[in-house]
Structure formats: C-alpha cells, structure tokens
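Colleague: Pasting in a structure now, in structure tokens, and then I'll have a few things to ask.
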Amino acid sequence: MWSEWRPRRILSRPSAANAASGKLRWVKFTVIATCAGLVLVALFANFLWVSSYRALLPKWPGSSVSFSGPASGSSASSIENKKNVYSFLEESSVYLDWEEMAPAPVDRLDGAAIQIGNLFYVFAGYQNINEVHSHVDIYDLSENKWGDRFDMPQDMAHSHLGMASDGRYIYIVTGQYGPQCRGPTAKNFVLDTKTRRWSKLPPLPNPRYAPATQLWRGRLHVMGGSKEDRWQPALEHWSLAVKDGKALETEWKPELPIPRGGPHRACIVVEDRLYVIGGQEGDFKAKPGSPIFKCSRQKEVVYSDVYMLEGEAKEWKILPPMPKPDSHIEFAWALVNDSIVIVGGTTEKNPVTKRMVLVGEVFDFNLKTQKWRTLGRMPIRIKTTLVAFWDGWLYFTSGQRDKGPNDPSPKKVIGKTWRTKLDLSQ
Ligand SMILES: *[C@@H]1O[C@H](CO)[C@@H](O)[C@H](O)[C@H]1NC(C)=O
C-alpha cells in the first residue's frame with residue numbers, strides 16, 4: 001500500500017522532470033500518479049468521514065460487528081459468496097407497489113403493536129440503543145394519521161414484550177426492562193383501550209425475553225422466548241385464564257412445552273389453532289460486569305420452523321417451513337382472508353462477513369392449502385416491523401432498516417410507514 005505513495009515524492013522534484021529524456025513517458029507517469037494520489041486521498045477522506053460519522057451514532061450492535069467491506073477489486077465470485085443461500089429468493093421477486101405514509105411520531109425498534117379495528121396501537125421500543133420509549137402512539141388507519149399518545153405504566157417493559165388482544169383489552173406480558181441488553185421483567189399488564197386504564201396481571205413464573213404470546217380458548221398463552229440472560233432459549237409454555245381484562249386465576253398453569261425455544265416469533269390463533277412461526281435461538285446479551293448492560297453479540301440461529309397446536313391435542317404439529325429462516329417478526333404479521341401475511345425480518349447471517357441479514361420480502365401462508373409464497377419485495381429490508389391490514393391495504397411501520405439496496409445488514413432505526421394494496425388472489 002505505502003509503495004504507491006512513492007510517485008508523489010518523485011513528483012515533488014520538478015527538476016528531475018526537466019532532465020528526463022522521454023517527456024511523453026513522464027506526462028503519462030504524472031497522469032497515472034496524480035490519479036493514484038487522488039484515489040488514495042479520496043479513500044482516506046472517506047475512511048475519516050465514515051469513522052467520524054460512526055462515532056456520532058449510538059453504537060448499534062450487529063451493524064458494527066464487521067464493518068470493513070471487501071478489498072476493492074475482489075472478484076465477482078467472492079462477492080457472490082458474500083450472500084447467504086436465500087438471497088436468490090429476494091432477487092427473484094418483484095417490488096410491490098408501496099405508498100409512503102406519514103411517519104410515526106418517534107423512531108422505534110423492538111416495540112409492539114396491536115390493531116383494533118381502524119386503530120393501530122404502537123407500544124414502547126428503543127429510540128436508539130441507549131434510549132427506550134415508555135408510551136403508546138396510535139395510528140388511525142381510516143384517516144391515515146398518527147394521533148393520540150399516552151404513557152405506559154412506569155414498571156412495564158420497554159421492548160421485546162409479548163402482546164395479545166381480544167378486541168378491547170390488550171394483554172401485555174414480560175419483556176425487556178430498560179435500554180441496551182438489560183434483562184426481562186416478569187410483570188404483566190392489561191390495557192382497556194376503551195377507558196385507557198391500565199391494570200395488572202399475576203407475574204409470570206419466570207421473566208421472558210420476546211416470548212410468543214396469544215389468547216387461545218379463553219386463556220392467555222406465553223411460550224418460548226429467551227430466559228433472563230436474553231440468550232438461552234426457553235421451552236416453557238404457560239397459560240392464565242382471562243376474561244374482560246381480568247385474570248380468573250392467581251397463578252399461571254404449565255402447558256405443553258414448545259419443541260423449539262427462542263425469541264422473535266409470530267404467534268397467531270385462527271379457528272381454534274395456535275400457530276408459532278419462525279424465530280431464533282440465542283440473541284445479544286449483556287457484557288458481563290458492564291454497568292450499562294452493554295450489548296454483546298452472541299451465537300444465534302435463525303429458523304423457518306412452523307409449529308401448530310390444535311384444540312385438545314397433546315403434541316405440537318410441525319407444518320411446512322417458511323420460504324427462508326425468518327426472525328424478529330413478532331408483530332410483523334397480519335391475518336388476511338385464509339392467509340397469514342409476514343413482512344420482513346432477519347434471516348441467516350452473511351456466511352462471510354457474519355453480519356446480520358435483513359429480510360425484504362412479504363410472505364404468505366395459506367392456512368387452507370398449507371403453502372407458503374413470496375408475495376413480493378418491500379421498499380427496504382427491515383426487521384421488527386409493526387404490521388396492520390385495513391380496507392385492502394397492508395401497512396408496516398418502524399423497525400431497523402438495511403444499509404441500502406446492496407447491503408442487507410442493519411443500520412438506521414426508523415419510524416417510517418408504508419402501505420401496499422394487497423391481493424392474495426393470484
Ligand atoms: C379476500 O377475500 C375477498 C372475498 O373473496 C376478496 O374480495 C378480497 O380481495 C380478498 N383479499 C385479498 C387481500 O386478497
């Protein structure tokens with residue numbers, strides 16, 4: 001590298017130029033040397049800019065694990081190798097027609113969302129790795145406007161919550177309390193969306209991080225997620241009888257453990273069947289001894305598994321897997337006609353750079369035919385997006401987006417909102 005600087009030293013000796021016998025050769029050399037010099041200066045300036053810009057940003061883990069890209073001039077084949085095996089799926093699907101709507105009042109990652117009619121309640125989430133939200137924003141889907149905002153209870157978790165609704169009451173379980181990689185709380189709450197009053201539910205037997213949560217057969221079910229360290233997959237499954245925002249029991253009851261544990265899965269009930277889709281084992285955890293619980297990257301495995309529990313069944317059924325491993329989809333789904341529609345997420349990491357790879361497609365699973373499809377591409381790749389469906393339109397807002405069309409690794413936390421007219425009939 002440094003040897004390329006040598007021509008500059010020669011350039012700084014004009015007398016040598018005059019004395020040179022081959023003038024043409026010298027001109028050529030000057031041009032080449034100047035170009036090389038300019039390229040190096042540009043590279044160096046870019047390096048400085050990138051490092052200083054990055055220093056200004058709160059450090060978001062995952063986007064910074066391996067920053068340096070390939071050496072310039074690496075062969076086409078090594079660039080090919082830098083994709084994971086599922087990128088063909090993305091490349092072979094077309095962009096859906098997206099319309100950008102009003103952005104959410106705040107940027108938000110790992111928040112939660114529940115749609116009740118035309119109102120889309122968006123909860124909590126990180127503003128950045130060091131700051132978390134403790135309020136609810138509401139988007140009116142019929143007017144396409146962000147409107148009301150109200151506070152959450154002080155001791156309610158700020159991210160990675162479990163959440164389900166009966167159409168009036170929203171049940172909120174466990175989740176991570178505080179920023180960075182703090183652990184989860186066992187506290188649970190209920191929001192009456194009519195009165196906007198909060199109340200409490202009995203605590204979980206153990207805190208959970210991003211567990212699968214749903215109302216099913218008169219009971220609030222909580223399963224999987226990670227244990228207190230955020231990393232260790234939990235298999236336990238508990239339920240609590242609830243009605244009209246109140247617990248009918250004082251303790252959670254053990255239920256059939258889920259075959260595979262871990263956080264960030266979609267959990268949906270349709271016609272007496274409980275579905276648990278995608279997710280991962282492992283996640284970032286706090287650096288031992290760090291006073292701010294600084295996030296540190298750990299091994300994680302993203303999967304495409306789909307599990308279903310039916311009526312009184314005594315075991316989980318395994319259904320056809322997603323088109324690709326997909327995690328961070330807990331509130332990234334909508335139920336439309338006979339299909340579960342899933343928007344974005346994260347998939348297997350890049351095999352070379354080991355960076356996280358975001359998902360930029362919309363998938364659907366037809367519950368009648370039990371078949372998955374890729375419906376098309378999103379305007380960007382994004383994880384932990386919050387999804388609603390209203391009047392034929394599929395909406396998504398918030399999450400952490402990619403670095404750009406050619407780089408699927410995570411970067412900015414956003415509050416942007418988009419919608420597309422959905423047609424599942426083809
Ligand atoms: C859902 O089904 C209805 C009735 O068949 C149809 O009109 C509508 O277009 C479907 N919705 C989507 C999003 O495909």
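Ordering of the structure tokens sets the chain letters (A, B, ...); residue numbers start at 1 within each chain; ligands are numbered from 1 in the order shown.
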With a distance cut-off of 8 Å and only C-alpha atoms, select the neighbouring residues of A:Arg419, excluding the residue or stretch itself and same-chain residues fewer than 2 positions from it, and output the selection as a ChimeraX atom specification.
Modeller: /A:98-101,393-396,417,421
Colleague: For ligand 1, collect every residue having any atom at a distance of at most 7 Å from a ligand atom (counting only C-alpha atoms and all ligand atoms); output as a ChimeraX atom specification.
Modeller: /A:336-337,392,422-425
Colleague: Please identify all polymer residues within 7 Å of A:Ala334, counting only C-alpha atoms, omitting same-chain residues fewer than 6 positions from it, and present them as a list of chain:residue names.
Modeller: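 Residues near the query, excluding close chain neighbours: A:Ile340, A:Val341, A:Ile342, A:Val387, A:Ala388, A:Phe389.
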Colleague: Which residues are near A:Ser165? Cut-off 8 Å, only C-alpha atoms, ignore same chain within fewer than 2 positions. Put them as a list in words.
Modeller: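 After dropping sequence-adjacent residues, the list is Ile114, Met163, Gly167, Arg168, Tyr169, Ile170, Tyr171, Gln214 and Leu215 of chain A.
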Colleague: Would you put the residues from that selection into a file with N, CA and C atoms, as an mmCIF file, in the first residue's frame?
Modeller:
```cif
data_model
loop_
_atom_site.group_PDB
_atom_site.id
_atom_site.type_symbol
_atom_site.label_atom_id
_atom_site.label_comp_id
_atom_site.auth_asym_id
_atom_site.auth_seq_id
_atom_site.Cartn_x
_atom_site.Cartn_y
_atom_site.Cartn_z
ATOM 1 N N ILE A 114 -50.678 -3.674 18.290
ATOM 2 C CA ILE A 114 -51.958 -4.385 18.221
ATOM 3 C C ILE A 114 -52.917 -3.524 17.421
ATOM 4 N N MET A 163 -47.621 -9.761 23.516
ATOM 5 C CA MET A 163 -48.847 -8.968 23.495
ATOM 6 C C MET A 163 -49.946 -9.666 22.702
ATOM 7 N N GLY A 167 -59.809 -7.632 21.284
ATOM 8 C CA GLY A 167 -60.605 -6.648 20.556
ATOM 9 C C GLY A 167 -60.958 -5.432 21.413
ATOM 10 N N ARG A 168 -60.780 -5.530 22.724
ATOM 11 C CA ARG A 168 -60.924 -4.360 23.596
ATOM 12 C C ARG A 168 -59.730 -4.272 24.551
ATOM 13 N N TYR A 169 -59.454 -5.383 25.218
ATOM 14 C CA TYR A 169 -58.352 -5.401 26.192
ATOM 15 C C TYR A 169 -57.071 -5.871 25.512
ATOM 16 N N ILE A 170 -55.970 -5.206 25.834
ATOM 17 C CA ILE A 170 -54.663 -5.641 25.322
ATOM 18 C C ILE A 170 -53.876 -6.198 26.509
ATOM 19 N N TYR A 171 -53.448 -7.452 26.386
ATOM 20 C CA TYR A 171 -52.695 -8.138 27.435
ATOM 21 C C TYR A 171 -51.211 -8.029 27.098
ATOM 22 N N GLN A 214 -50.263 -15.353 22.898
ATOM 23 C CA GLN A 214 -51.544 -15.236 22.203
ATOM 24 C C GLN A 214 -52.692 -15.645 23.122
ATOM 25 N N LEU A 215 -53.883 -15.148 22.837
ATOM 26 C CA LEU A 215 -55.099 -15.551 23.541
ATOM 27 C C LEU A 215 -55.674 -16.746 22.796
#
```
Colleague: Using only C-alpha atoms, find the one residue out of A:Gly245, A:Pro257, A:Gly344, A:Gly147 that sits nearest to A:Pro233.
Modeller: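 Looking only at the distances to A:Pro233, the closest residue turns out to be A:Pro257.
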Colleague: Figure out the distance between atom CA of A:Val301 and atom CA of A:Ser239, please, to one decimal in Å.
Modeller: 26.7 Å
Colleague: Can you tell me, as a PDB file with N, CA and C atoms, in the first residue's frame, what residues are no more than 6 Å from A:His237 when counting only C-alpha atoms, ignoring any on the same chain fewer than 6 positions away?
Modeller:
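Produced file part_10.pdb, reproduced below:
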```pdb
ATOM      1  N   VAL A 222     -48.313 -18.023  26.913  1.00  0.00           N
ATOM      2  CA  VAL A 222     -46.981 -17.439  26.758  1.00  0.00           C
ATOM      3  C   VAL A 222     -45.987 -18.594  26.647  1.00  0.00           C
ATOM      4  N   MET A 223     -45.189 -18.600  25.597  1.00  0.00           N
ATOM      5  CA  MET A 223     -44.267 -19.738  25.409  1.00  0.00           C
ATOM      6  C   MET A 223     -42.988 -19.295  24.713  1.00  0.00           C
ATOM      7  N   GLU A 255     -48.118 -25.586  30.568  1.00  0.00           N
ATOM      8  CA  GLU A 255     -48.748 -26.177  29.379  1.00  0.00           C
ATOM      9  C   GLU A 255     -47.691 -26.957  28.608  1.00  0.00           C
ATOM     10  N   PRO A 257     -44.791 -27.858  26.577  1.00  0.00           N
ATOM     11  CA  PRO A 257     -43.635 -27.051  26.131  1.00  0.00           C
ATOM     12  C   PRO A 257     -43.530 -27.044  24.606  1.00  0.00           C
TER      13      PRO A 257
END
```
Colleague: Which residues are close to A:Asp407, i.e. within 12 Å by only C-alpha atoms, leaving aside same-chain residues fewer than 3 positions away? Reply as a list of chain:residue names.
Modeller: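 Answer for this query is A:Ser63, A:Phe67, A:Gly69, A:Ile79, A:Lys82, A:Lys83, A:Ser87, A:Asn350, A:Thr353, A:Arg355, A:Met356, A:Val357, A:Leu358, A:Val359, A:Gly360, A:Ile380, A:Arg381, A:Ile382, A:Arg401, A:Asp402, A:Lys403, A:Gly404, A:Pro410, A:Lys411.
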Colleague: Keeping only N, CA and C atoms, write the selected residues to a file as a CSV table (one decimal), in the first residue's frame.
Modeller:
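result.csv, freshly written:
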```csv
chain,number,residue,atom,x,y,z
A,63,SER,N,-24.8,-4.0,13.6
A,63,SER,CA,-24.4,-3.3,12.4
A,63,SER,C,-22.9,-3.0,12.4
A,67,PHE,N,-17.3,-4.1,10.2
A,67,PHE,CA,-17.6,-3.0,9.3
A,67,PHE,C,-16.9,-3.0,8.0
A,69,GLY,N,-15.6,-3.6,4.5
A,69,GLY,CA,-16.1,-4.3,3.4
A,69,GLY,C,-15.0,-5.1,2.7
A,79,ILE,N,-17.7,-11.9,-4.3
A,79,ILE,CA,-18.9,-11.1,-4.0
A,79,ILE,C,-20.2,-12.0,-3.9
A,82,LYS,N,-20.6,-13.7,-0.8
A,82,LYS,CA,-20.9,-12.9,0.3
A,82,LYS,C,-22.4,-12.9,0.6
A,83,LYS,N,-23.2,-13.5,-0.2
A,83,LYS,CA,-24.6,-13.6,0.1
A,83,LYS,C,-24.9,-14.9,0.7
A,87,SER,N,-30.6,-15.5,-0.7
A,87,SER,CA,-30.7,-14.2,-1.4
A,87,SER,C,-31.3,-14.3,-2.7
A,350,ASN,N,-24.8,-13.4,7.0
A,350,ASN,CA,-23.9,-13.5,5.8
A,350,ASN,C,-22.8,-14.5,6.2
A,353,THR,N,-19.1,-12.3,6.0
A,353,THR,CA,-18.9,-11.1,6.9
A,353,THR,C,-19.5,-11.4,8.3
A,355,ARG,N,-22.3,-10.7,9.2
A,355,ARG,CA,-23.3,-9.6,9.6
A,355,ARG,C,-24.7,-10.1,9.5
A,356,MET,N,-25.6,-9.5,10.3
A,356,MET,CA,-27.0,-9.8,10.2
A,356,MET,C,-27.5,-9.5,8.9
A,357,VAL,N,-28.4,-10.3,8.3
A,357,VAL,CA,-29.1,-10.1,7.0
A,357,VAL,C,-30.6,-9.8,7.2
A,358,LEU,N,-31.0,-8.7,6.8
A,358,LEU,CA,-32.4,-8.3,7.0
A,358,LEU,C,-33.2,-8.9,5.8
A,359,VAL,N,-34.5,-9.1,6.0
A,359,VAL,CA,-35.4,-9.7,5.0
A,359,VAL,C,-36.2,-8.5,4.4
A,360,GLY,N,-36.3,-8.6,3.1
A,360,GLY,CA,-37.0,-7.5,2.3
A,360,GLY,C,-38.2,-8.0,1.6
A,380,ILE,N,-37.8,-1.4,1.4
A,380,ILE,CA,-36.5,-1.6,2.0
A,380,ILE,C,-36.5,-2.9,2.7
A,381,ARG,N,-35.3,-3.4,3.2
A,381,ARG,CA,-35.3,-4.6,4.1
A,381,ARG,C,-35.4,-4.0,5.5
A,382,ILE,N,-36.1,-4.7,6.3
A,382,ILE,CA,-36.3,-4.2,7.7
A,382,ILE,C,-36.7,-5.3,8.7
A,401,ARG,N,-33.8,-0.6,9.6
A,401,ARG,CA,-33.7,-0.9,8.1
A,401,ARG,C,-32.3,-1.2,7.7
A,402,ASP,N,-32.2,-1.6,6.4
A,402,ASP,CA,-30.9,-2.0,5.9
A,402,ASP,C,-30.0,-0.8,5.6
A,403,LYS,N,-28.8,-1.1,5.2
A,403,LYS,CA,-27.8,0.0,4.8
A,403,LYS,C,-28.1,0.5,3.4
A,404,GLY,N,-28.8,-0.2,2.6
A,404,GLY,CA,-29.1,0.2,1.2
A,404,GLY,C,-29.4,-1.0,0.4
A,410,PRO,N,-28.2,-4.5,9.0
A,410,PRO,CA,-29.0,-3.4,9.7
A,410,PRO,C,-28.3,-2.1,10.0
A,411,LYS,N,-29.0,-1.0,9.9
A,411,LYS,CA,-28.4,0.3,10.2
A,411,LYS,C,-29.4,1.1,11.0
```
Colleague: Record the distance separating atom CA of A:Ser304 and atom CA of A:Ile277, expressed in Å with one decimal.
Modeller: 7.2 Å
Colleague: Write out as a list in words the residues lying within 10 Å of A:Arg219, counting only C-alpha atoms and excluding same-chain residues fewer than 3 positions away.
Modeller: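 Final neighbour list, sorted by chain and number: Gln214, Leu215, Trp216, Val222, Trp238, Ser239, Leu240, Ala241, Val242, Lys243, Ala247, Leu248, Trp252 and Lys253 of chain A.
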Colleague: Please, could you write that set of residues out with C-alpha atoms as a PDB file, in the first residue's frame?
Modeller:
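Dumped to result-v9.pdb:
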```pdb
ATOM      1  CA  GLN A 214     -51.544 -15.236  22.203  1.00  0.00           C
ATOM      2  CA  LEU A 215     -55.099 -15.551  23.541  1.00  0.00           C
ATOM      3  CA  TRP A 216     -56.470 -19.012  22.892  1.00  0.00           C
ATOM      4  CA  VAL A 222     -46.981 -17.439  26.758  1.00  0.00           C
ATOM      5  CA  TRP A 238     -47.697 -21.243  30.496  1.00  0.00           C
ATOM      6  CA  SER A 239     -51.293 -20.074  30.394  1.00  0.00           C
ATOM      7  CA  LEU A 240     -53.632 -17.984  32.520  1.00  0.00           C
ATOM      8  CA  ALA A 241     -57.444 -17.863  32.299  1.00  0.00           C
ATOM      9  CA  VAL A 242     -58.523 -14.286  31.499  1.00  0.00           C
ATOM     10  CA  LYS A 243     -61.801 -12.554  30.750  1.00  0.00           C
ATOM     11  CA  ALA A 247     -57.223 -12.806  35.432  1.00  0.00           C
ATOM     12  CA  LEU A 248     -59.581 -15.576  36.575  1.00  0.00           C
ATOM     13  CA  TRP A 252     -50.003 -19.390  35.587  1.00  0.00           C
ATOM     14  CA  LYS A 253     -50.541 -23.021  34.640  1.00  0.00           C
TER      15      LYS A 253
END
```
Colleague: For each of A:Arg208, A:Arg182, A:Lys416, A:Lys285, take the minimum atom-to-atom distance to A:Ala104, counting only C-alpha atoms, then give the residue where this is smallest.
Modeller: A:Lys416
Colleague: What is the distance between atom CA of A:Leu309 and atom CA of A:Leu274, in Å to one decimal?
Modeller: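 Rounded to one decimal, the two atoms are 5.1 Å apart.
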Colleague: Between A:Lys227, A:Lys349, A:Lys145, A:Arg197, which is the closest to A:Pro263 once you count only C-alpha atoms?
Modeller: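 The shortest atom-to-atom distance to A:Pro263 comes from A:Lys227.
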Colleague: Using only C-alpha atoms, find the one residue out of A:Tyr86, A:Trp418, A:Tyr95, A:Trp146 that sits nearest to A:Leu375.
Modeller: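 Counting only C-alpha atoms, the residue closest to A:Leu375 is A:Tyr95.
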